[in-house]
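In what follows, a structure is listed as structure tokens, so that the remarks can point back to it.
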Number of protein chains: 2
Amino acid sequence: MAEASDATLTEPAPAGGHDDLVGGMRDLLDGSHAEVRRKVVDGLVPFASVLEDADTMTSADFRERVRDLLVELAGSGLTGLGFPEEYGGGGHIGASIAAFESLAHGDLSVLVKAGVQFGLFGGAILQLGTKRHHDAYLADVVAARTLGCFAMTEHGHGSNVAALGTVATYDADTQEFVITTAREDAYKDYIGNAARHAELAVVFAQLETAGENHGVHAFVVRIREGGEPVAGVRIGDDGPKMGLNGVDNGRLWFDGLRVPREALLNRFADVSPDGVYGSPIESKSRRFFTMLGTLVQGRVSVGGAAITASKVALTIAITYAGRRRQFEASDPETEDLLLDYGLHQRRLLPLLARTYALHFAQEVLRDDLHAVFSGALSDDLDDDEIARRTLESRAAGTKALATWHATHTIQECREACGGAGYLAANRFAALKADTDVFTTFEGDNHVLLQLVAKGLLTDYAGAFEDMNQLDMVRFVGGLAVDTVLERTAVHKLLERVRDLLPGGSSGPDGSEPVGDRVASASERIEIRDADYHLAMLSFREEHILGSAARRLKAGVDKGGNPGEVFSSVQDHVIAAARAHVERLVLEAFAAKVEATPDGPVRDALTLLRDLHALWVIETDRAWFMEHGRLSSARSKAITTQVNALCREVRRIAQPLVDAFAIPRELLRADDLLG
Amino acid sequence: MAEASDATLTEPAPAGGHDDLVGGMRDLLDGSHAEVRRKVVDGLVPFASVLEDADTMTSADFRERVRDLLVELAGSGLTGLGFPEEYGGGGHIGASIAAFESLAHGDLSVLVKAGVQFGLFGGAILQLGTKRHHDAYLADVVAARTLGCFAMTEHGHGSNVAALGTVATYDADTQEFVITTAREDAYKDYIGNAARHAELAVVFAQLETAGENHGVHAFVVRIREGGEPVAGVRIGDDGPKMGLNGVDNGRLWFDGLRVPREALLNRFADVSPDGVYGSPIESKSRRFFTMLGTLVQGRVSVGGAAITASKVALTIAITYAGRRRQFEASDPETEDLLLDYGLHQRRLLPLLARTYALHFAQEVLRDDLHAVFSGALSDDLDDDEIARRTLESRAAGTKALATWHATHTIQECREACGGAGYLAANRFAALKADTDVFTTFEGDNHVLLQLVAKGLLTDYAGAFEDMNQLDMVRFVGGLAVDTVLERTAVHKLLERVRDLLPGGSSGPDGSEPVGDRVASASERIEIRDADYHLAMLSFREEHILGSAARRLKAGVDKGGNPGEVFSSVQDHVIAAARAHVERLVLEAFAAKVEATPDGPVRDALTLLRDLHALWVIETDRAWFMEHGRLSSARSKAITTQVNALCREVRRIAQPLVDAFAIPRELLRADDLLG
């Protein structure tokens with residue numbers, strides 16, 4: 001693009017007396033990708049005017065603006081870090097995720113458009129294609145010379161990819177696939193880049209040879225030529241959306257589109273010229289999940305972006321609350337900054353602590369992703385099977401918690417800034433509208449938590465990764481629940497810390513300690529002991545998981561229809577998944593504290609860890625009381641501690657958001673920040 | 001306006017087998033204002049295209065569109081029902097609120113613009129002015145020949161009207177007031193209608209005569225002539241907002257604007273030509289609160305509109321969930337409509353029950369408002385003082401709960417409709433964006449709950465209505481808490497139902513029954529007994545109120561600074577207010593059930609009442625366990641009951657939303673509703 005804002009790179013205002021903390025914490029947060037993060041953020045500042053364009057341009061103009069910016073960013077090399085170097089990429093998946101997280105400081109239409117182009121579209125060609133596709137496409141994709149889209153979701157099939165209705169039938173006579181939208185109302189929908197800019201699409205369709213269905217496969221096809229749809233493709237526009245209006249989401253219908261045999265992304269399956277289907281993976285369902293599994297980075301990216309968006313909102317709201325006086329007319333001797341009010345601390349500071357917790361959980365996830373994907377892209381599918389499944393589960397769970405957290409945090413920050421928070425000039429309007437769909441895309445959060453639960457209930461059993469919901473119910477129906485539980489990671493963790501649980505050693509079998517025992521045990525345990533927090537969350541995880549499994553089994557034993565059994569236990573199943581991910585988040589945070597040298601950074605992290613952990617326990621304290629792990633007195637003591645921790649964190653709240661190091665231009669909240 | 005959509009009035013699809021329920025419930029919901037409600041809704045249908053215009057027009061064009069529609073609506077007579085008949089109004093405040101609630105089925109920019117013109121601006125002239133103002137302005141205001149704005153809020157003074165910085169100094173030489181914005185950054189802000197359309201403004205300013213400040217008063221002044229600001233007024237534009245972009249919110253600066261002496265809205269105070277200030281109300285602060293009190297209908301209106309918006313969202317999400325199948329590939333014998341899933345029921349049906357609860361709470365409030373305001377507008381300020389204070393408190397509390405409920409409900413409904421919920425074509429985007437500020441305007445919800453708490457803590461003591469926060473702390477510091485509690489309505493209620501409380505007769509003094517006693521008492525009490533629910537909420541209210549008062553008193557007794565004491569107890573104070581309003585809501589719902597004859601409508605209402613009540617108790621079950629009013633077993637039993645009630649309500653969920661009788665054109669969700 002031609003113009004750039006005349007803003008120069010600025011640093012956040014130094015926090016008097018807390019410079020060490022700000023700098024040290026910032027280094028810790030940036031971690032091993034500090035240079036990439038800084039480059040991305042610095043690179044966004046000259047284009048900060050795009051934040052304003054989102055409000056003032058027409059949707060049509062803004063779409064072009066975002067496309068131009070995407071092409072510009074591609075030139076920096078920072079959007080292609082996940083691709084092999086021979087195609088102009090950076091060859092580092094971990095860095096590519098870090099770059100994406102940093103890109104989320106800017107306009108989120110730009111972010112999502114980049115995610116579609118480089119993550120979904122480019123990522124599918126990289127992960128599902130072979131050298132012929134890489135050579136043909138990747139250099140142009142990385143440079144954004146060719147724009148593409150990722151046509152998976154269909155209208156009415158959002159969460160059930162295996163059942164989608166588009167069909168690709170192989171025609172051996174012409175050695176072509178014929179792609180057809182099976183029903184007029186089963187069009188591809190919500191496809192980013194489709195309405196306006198994509199020339200190519202990765203299309204997911206049922207592959208059929210000689211009347212036989214081989215399940216869903218991906219094809220790379222041309223959908224647009226010279227700006228117009230090619231013959232055989234109809235393109236619709238999803239029109240205005242709540243947010244992300246710089247992304248041209250659209251609809252695709254295929255009317256017998258003919259594409260060459262080589263359009264099949266054939267890493268995991270191929271069709272010979274004469275029409276013989278072959279795959280190294282025998283099970284149709286397993287093949288499908290293997291393909292989907294390679295696309296996990298999309299979920300890791302969205303979760304990371306949600307955490308960044310939370311940081312932006314909290315930086316604005318906390319900075320504002322630290323300078324605005326609530327009632328100027330009141331006693332001038334009183335400290336009456338908004339952030340000095342107990343309620344205001346309660347509204348914002350646990351969210352700040354949780355943002356830190358999720359940051360470190362995301363760091364673990366990013367490193368896991370990098371470890372799993374940075375080996376040579378192997379076709380040996382039995383290697384690392386468990387590692388991949390565990391990664392997928394962690395990605396799904398972290399994405400769900402991080403995106404719900406963002407929705408909640410941005411809402412609370414908006415309200416905490418009152419009417420000014422409602423003006424588009426102060427970032428919240430865009431943050432809220434743009435991130436709202438994060439809980440839905442790349443997998444609806446509830447569906448993702450069901451995926452996590454399935455993994456837990458089947459212990460990622462190699463033979464069962466292709467189970468659907470009903471198979472899972474039947475499988476659990478045949479379990480010896482306690483045996484399965486004993487093999488879980490949480491069980492082993494619990495063995496180590498169980499003596500820290502008030503109520504002592506009773507197991508997850510439903511036997512509850514009585515009140516007095518809890519009360520006297522409670523008094524002995526330090527309320528800010530990290531192992532105590534971990535023991536509480538681990539106990540909850542194992543207990544809910546065990547009882548969900550037991551209820552599923554009981555339903556099957558009674559001869560119930562698996563679908564009905566699942567429906568009646570669904571909330572319990574999802575609670576198990578949530579409890580599991582909460583434990584992982586806390587574990588990641590606790591490990592980070594342990595790895596941090598003594599000093600102001602560790603002290604601050606310890607406060608945040610305790611605030612986060614006790615707030616999580618407090619939020620679910622009813623459950624802990626119901627299950628004999630909190631006495632009334634201990635429960636009240638936890639609330640008292642959360643209040644006390646809020647007051648302690650309040651003193652360093654400004655350095656803690658300054659450590660996010662978000663340039664003023666990207667906060668776009670001059671009206672609030674003065 | 002020239003065009004109207006060609007949509008004709010349509011009724012919601014009949015619910016097979018539930019016609020009696022739909023019709024009967026609809027009559028009950030419409031209540032005494034059925035005819036007005038129908039007229040407003042039917043009148044909106046021909047203009048349903050405005051819902052689409054909100055997405056497709058530029059802000060500038062959409063503002064004009066909304067203005068035109070406002071003028072059109074004024075012609076129907078339905079927007080002026082609250083004004084005296086001699087000025088073209090309807091002379092019925094209750095009906096005017098019902099009409100406003102119904103107007104909220106349509107585009108909310110239109111609603112808010114109407115609220116500014118007829119509620120805030122026109123209402124201020126009516127309530128604060130005298131005959132000379134009524135005669136001069138009201139006929140033109142009611143007919144929307146003259147548009148005006150309500151200039152109270154200032155930048156940085158959102159919640160502290162008493163401290164605002166605009167000054168109106170009386171100049172006896174010219175018999176004029178000189179209105180001046182005291183500091184450049186203390187301009188009037190967020191003023192609806194100001195940026196573009198208002199010719200007049202009701203301006204709130206500190207009235208000064210001969211150097212003496214008499215507190216905040218209101219003036220009606222011209223700010224625009226022939227489309228341009230008059231000399232002495234500068235007008236700014238708040239620009240794009242998260243939503244409500246059909247409302248031209250703006251900023252006003254007054255640079256020594258001279259207005260005649262008669263511009264003072266002089267119902268409660270006047271200045272003689274030679275500059276002598278006089279008022280029948282001696283206390284400056286009491287005078288101020290009396291003036292503000294007359295504006296209570298704005299809060300009643302916003303709360304009612306929030307309830308309507310919740311109904312729109314729930315109608316879409318529940319209808320959608322009742323026709324969409326989750327996984328088409330699963331066992332075809334299984335019922336797998338989205339709404340058959342336990343989790344989906346949990347997400348939507350308690351919100352439906354609460355919407356009903358709030359509807360009936362709003363009905364009580366609307367009737368109270370009508371009763372207080374429908375007498376001749378009396379200047380006898382001691383009459384009905386308690387009734388007015390009680391009304392203000394109820395209005396503040398209901399507004400807070402209803403608007404938070406709307407924010408939460410619309411969000412959950414959007415997520416429950418997945419990606420389709422994110423498209424502007426399906427109403428949620430607009431509903432979410434437009435209602436988001438409801439929690440802030442007409443009083444920030446937290447500030448409103450503090451107002452409620454102040455009333456409770458001081459028992460609306462006549463002499464103390466003008467206390468600020470710090471006075472309130474000092475006042476409570478001098479209380480005999482138990483004596484005050486014994487005078488409250490909740491205490492009397494509790495006397496009646498206390499024997500229904502598990503744990504029996506222990507008082508709010510902090511003595512808790514032990515677990516075993518609670519458990520054995522619990523078993524004897526019917527879990528769906530409405531009096532049990534009321535006893536639980538009443539106990540909670542009295543207990544939290546008593547302990548907040550005790551903490552305030554203890555803080556003062558220890559010599560604490562009142563500001564700090566308040567800050568440290570603030571969350572407790574707000575919890576007391578919330579508990580109070582929750583009890584009022586439940587009481588209103590329970591009374592409505594009792595007043596309904598036996599039959600399907602009463603049966604359905606009973607289910608909804610129980611679901612709402614038990615869900616409220618479940619949500620705060622930790623508190624009840626901590627305070628000895630729930631055993632673990634009883635707590636779990638309540639959760640089981642909530643699940644069971646969800647399954648029961650699910651069977652009549654469609655008729656329950658059909659009873660809201662919202663025409664398809666106003667739902668604007670064809671993509672979801674087919």
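How things are named: the first chain in the structure tokens is A, the next is B, and so on; residues count from 1 in each chain; ligands count from 1 in the order shown.
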Residues of chain A that approach chain B to 7 Å or less, counting only C-alpha atoms: could you list each one with the shortest pair of atoms and its distance in Å to one decimal, rows by chain and increasing residue number, as CSV?
```
residue,atom,partner,partner_atom,distance
A:Asp55,CA,B:Pro240,CA,6.4
A:Asn160,CA,B:Phe327,CA,6.4
A:Ala163,CA,B:Ala329,CA,6.3
A:Pro240,CA,B:Ala424,CA,5.3
A:Lys241,CA,B:Leu423,CA,4.4
A:Met242,CA,B:Ala429,CA,4.5
A:Phe327,CA,B:Asn160,CA,6.4
A:Ala329,CA,B:Ala163,CA,6.2
A:Thr334,CA,B:Gly563,CA,6.0
A:Tyr341,CA,B:Ser567,CA,5.1
A:Gly342,CA,B:Ser567,CA,5.7
A:Leu343,CA,B:Asp571,CA,5.3
A:Glu415,CA,B:Thr440,CA,6.9
A:Gly418,CA,B:Thr440,CA,5.8
A:Gly419,CA,B:Thr440,CA,6.3
A:Tyr422,CA,B:Met242,CA,5.7
A:Leu423,CA,B:Lys241,CA,4.3
A:Ala424,CA,B:Lys241,CA,4.5
A:Ala429,CA,B:Met242,CA,4.5
A:Val437,CA,B:Tyr422,CA,6.5
A:Thr440,CA,B:Gly418,CA,5.8
A:Gly563,CA,B:Thr334,CA,6.0
A:Glu564,CA,B:Thr334,CA,6.9
A:Ser567,CA,B:Tyr341,CA,5.1
A:Ser568,CA,B:Gly342,CA,5.8
A:Gln570,CA,B:Leu343,CA,6.3
A:Asp571,CA,B:Leu343,CA,5.3
A:Arg621,CA,B:Ala622,CA,6.2
A:Ala622,CA,B:Ala622,CA,4.2
A:Met625,CA,B:Ser632,CA,6.8
A:Glu626,CA,B:Ser632,CA,4.4
A:Ser632,CA,B:Glu626,CA,4.4
```
Running DSSP on the backbone, which parts of region 98-233 of chain A land in strand (DSSP E), as a ChimeraX atom specification?
/A:148-151,166-171,176-181,188-191,200-209,212-222,224-225,228-229,233
Quick check, in Å to one decimal: how far apart do CA of Gly246 (chain A) and CA of Gly43 (chain A) lie?
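Those two atoms sit 19.3 Å apart.
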Residues within 7 Å of region 284-301 of chain B, only C-alpha atoms, excluding chain neighbours under 5 positions, as a PyMOL selection string:
chain B and resi 97+100-101+119-120+124+127-128+214-216+392+395-396+399+442+465-466
Dump N, CA and C atoms for the selected residues as a PDB file, in the first residue's frame?
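What ended up in part34.pdb:
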```
ATOM      1  N   ILE B  97     -44.848   3.171  28.506  1.00  0.00           N
ATOM      2  CA  ILE B  97     -43.749   2.227  28.748  1.00  0.00           C
ATOM      3  C   ILE B  97     -43.987   0.940  27.958  1.00  0.00           C
ATOM      4  N   PHE B 100     -43.077   1.478  24.455  1.00  0.00           N
ATOM      5  CA  PHE B 100     -41.621   1.518  24.277  1.00  0.00           C
ATOM      6  C   PHE B 100     -41.051   0.106  24.287  1.00  0.00           C
ATOM      7  N   GLU B 101     -41.517  -0.711  25.220  1.00  0.00           N
ATOM      8  CA  GLU B 101     -41.066  -2.098  25.265  1.00  0.00           C
ATOM      9  C   GLU B 101     -41.345  -2.811  23.944  1.00  0.00           C
ATOM     10  N   GLY B 119     -38.683  10.347  25.646  1.00  0.00           N
ATOM     11  CA  GLY B 119     -38.457  10.007  27.044  1.00  0.00           C
ATOM     12  C   GLY B 119     -37.578  11.034  27.729  1.00  0.00           C
ATOM     13  N   LEU B 120     -36.344  11.167  27.280  1.00  0.00           N
ATOM     14  CA  LEU B 120     -35.396  12.033  27.980  1.00  0.00           C
ATOM     15  C   LEU B 120     -35.674  13.509  27.739  1.00  0.00           C
ATOM     16  N   ALA B 124     -38.112  15.429  30.216  1.00  0.00           N
ATOM     17  CA  ALA B 124     -37.521  16.450  31.090  1.00  0.00           C
ATOM     18  C   ALA B 124     -38.335  17.741  31.040  1.00  0.00           C
ATOM     19  N   GLN B 127     -41.525  16.953  33.031  1.00  0.00           N
ATOM     20  CA  GLN B 127     -41.376  16.716  34.460  1.00  0.00           C
ATOM     21  C   GLN B 127     -40.690  17.869  35.191  1.00  0.00           C
ATOM     22  N   LEU B 128     -39.770  18.528  34.531  1.00  0.00           N
ATOM     23  CA  LEU B 128     -39.007  19.580  35.217  1.00  0.00           C
ATOM     24  C   LEU B 128     -39.513  20.973  34.864  1.00  0.00           C
ATOM     25  N   HIS B 214     -26.162  26.886  43.347  1.00  0.00           N
ATOM     26  CA  HIS B 214     -27.387  26.255  43.849  1.00  0.00           C
ATOM     27  C   HIS B 214     -27.536  24.817  43.387  1.00  0.00           C
ATOM     28  N   GLY B 215     -26.483  24.273  42.816  1.00  0.00           N
ATOM     29  CA  GLY B 215     -26.550  22.894  42.359  1.00  0.00           C
ATOM     30  C   GLY B 215     -27.037  22.779  40.923  1.00  0.00           C
ATOM     31  N   VAL B 216     -27.194  21.533  40.497  1.00  0.00           N
ATOM     32  CA  VAL B 216     -27.501  21.256  39.094  1.00  0.00           C
ATOM     33  C   VAL B 216     -28.976  21.511  38.797  1.00  0.00           C
ATOM     34  N   GLU B 392     -37.846   4.290  42.615  1.00  0.00           N
ATOM     35  CA  GLU B 392     -36.521   4.547  42.041  1.00  0.00           C
ATOM     36  C   GLU B 392     -35.590   3.369  42.264  1.00  0.00           C
ATOM     37  N   ALA B 395     -36.670   0.501  40.079  1.00  0.00           N
ATOM     38  CA  ALA B 395     -36.331   0.784  38.678  1.00  0.00           C
ATOM     39  C   ALA B 395     -34.837   0.577  38.432  1.00  0.00           C
ATOM     40  N   ALA B 396     -34.022   1.059  39.361  1.00  0.00           N
ATOM     41  CA  ALA B 396     -32.572   0.917  39.206  1.00  0.00           C
ATOM     42  C   ALA B 396     -32.176  -0.561  39.209  1.00  0.00           C
ATOM     43  N   LYS B 399     -33.532  -2.501  36.130  1.00  0.00           N
ATOM     44  CA  LYS B 399     -32.746  -2.127  34.946  1.00  0.00           C
ATOM     45  C   LYS B 399     -31.413  -2.869  34.930  1.00  0.00           C
ATOM     46  N   GLU B 442     -28.297   5.333  31.031  1.00  0.00           N
ATOM     47  CA  GLU B 442     -29.316   5.484  32.085  1.00  0.00           C
ATOM     48  C   GLU B 442     -28.786   4.964  33.426  1.00  0.00           C
ATOM     49  N   GLU B 465     -32.170  10.873  52.003  1.00  0.00           N
ATOM     50  CA  GLU B 465     -32.154  10.540  50.577  1.00  0.00           C
ATOM     51  C   GLU B 465     -31.071  11.309  49.842  1.00  0.00           C
ATOM     52  N   ASP B 466     -30.564  12.342  50.471  1.00  0.00           N
ATOM     53  CA  ASP B 466     -29.569  13.142  49.771  1.00  0.00           C
ATOM     54  C   ASP B 466     -28.141  12.817  50.219  1.00  0.00           C
TER      55      ASP B 466
END
```
Rank nothing, just name the residue among B:Leu200, B:Val259, B:Ile125, B:Arg388 nearest to Thr180 (chain B), using only C-alpha atoms.
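Going through B:Leu200, B:Val259, B:Ile125, B:Arg388 one by one, the smallest distance to Thr180 (chain B) is for B:Val259.
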Computed gap from CA of Thr169 (chain B) to CA of Leu207 (chain B) is 6.0 Å
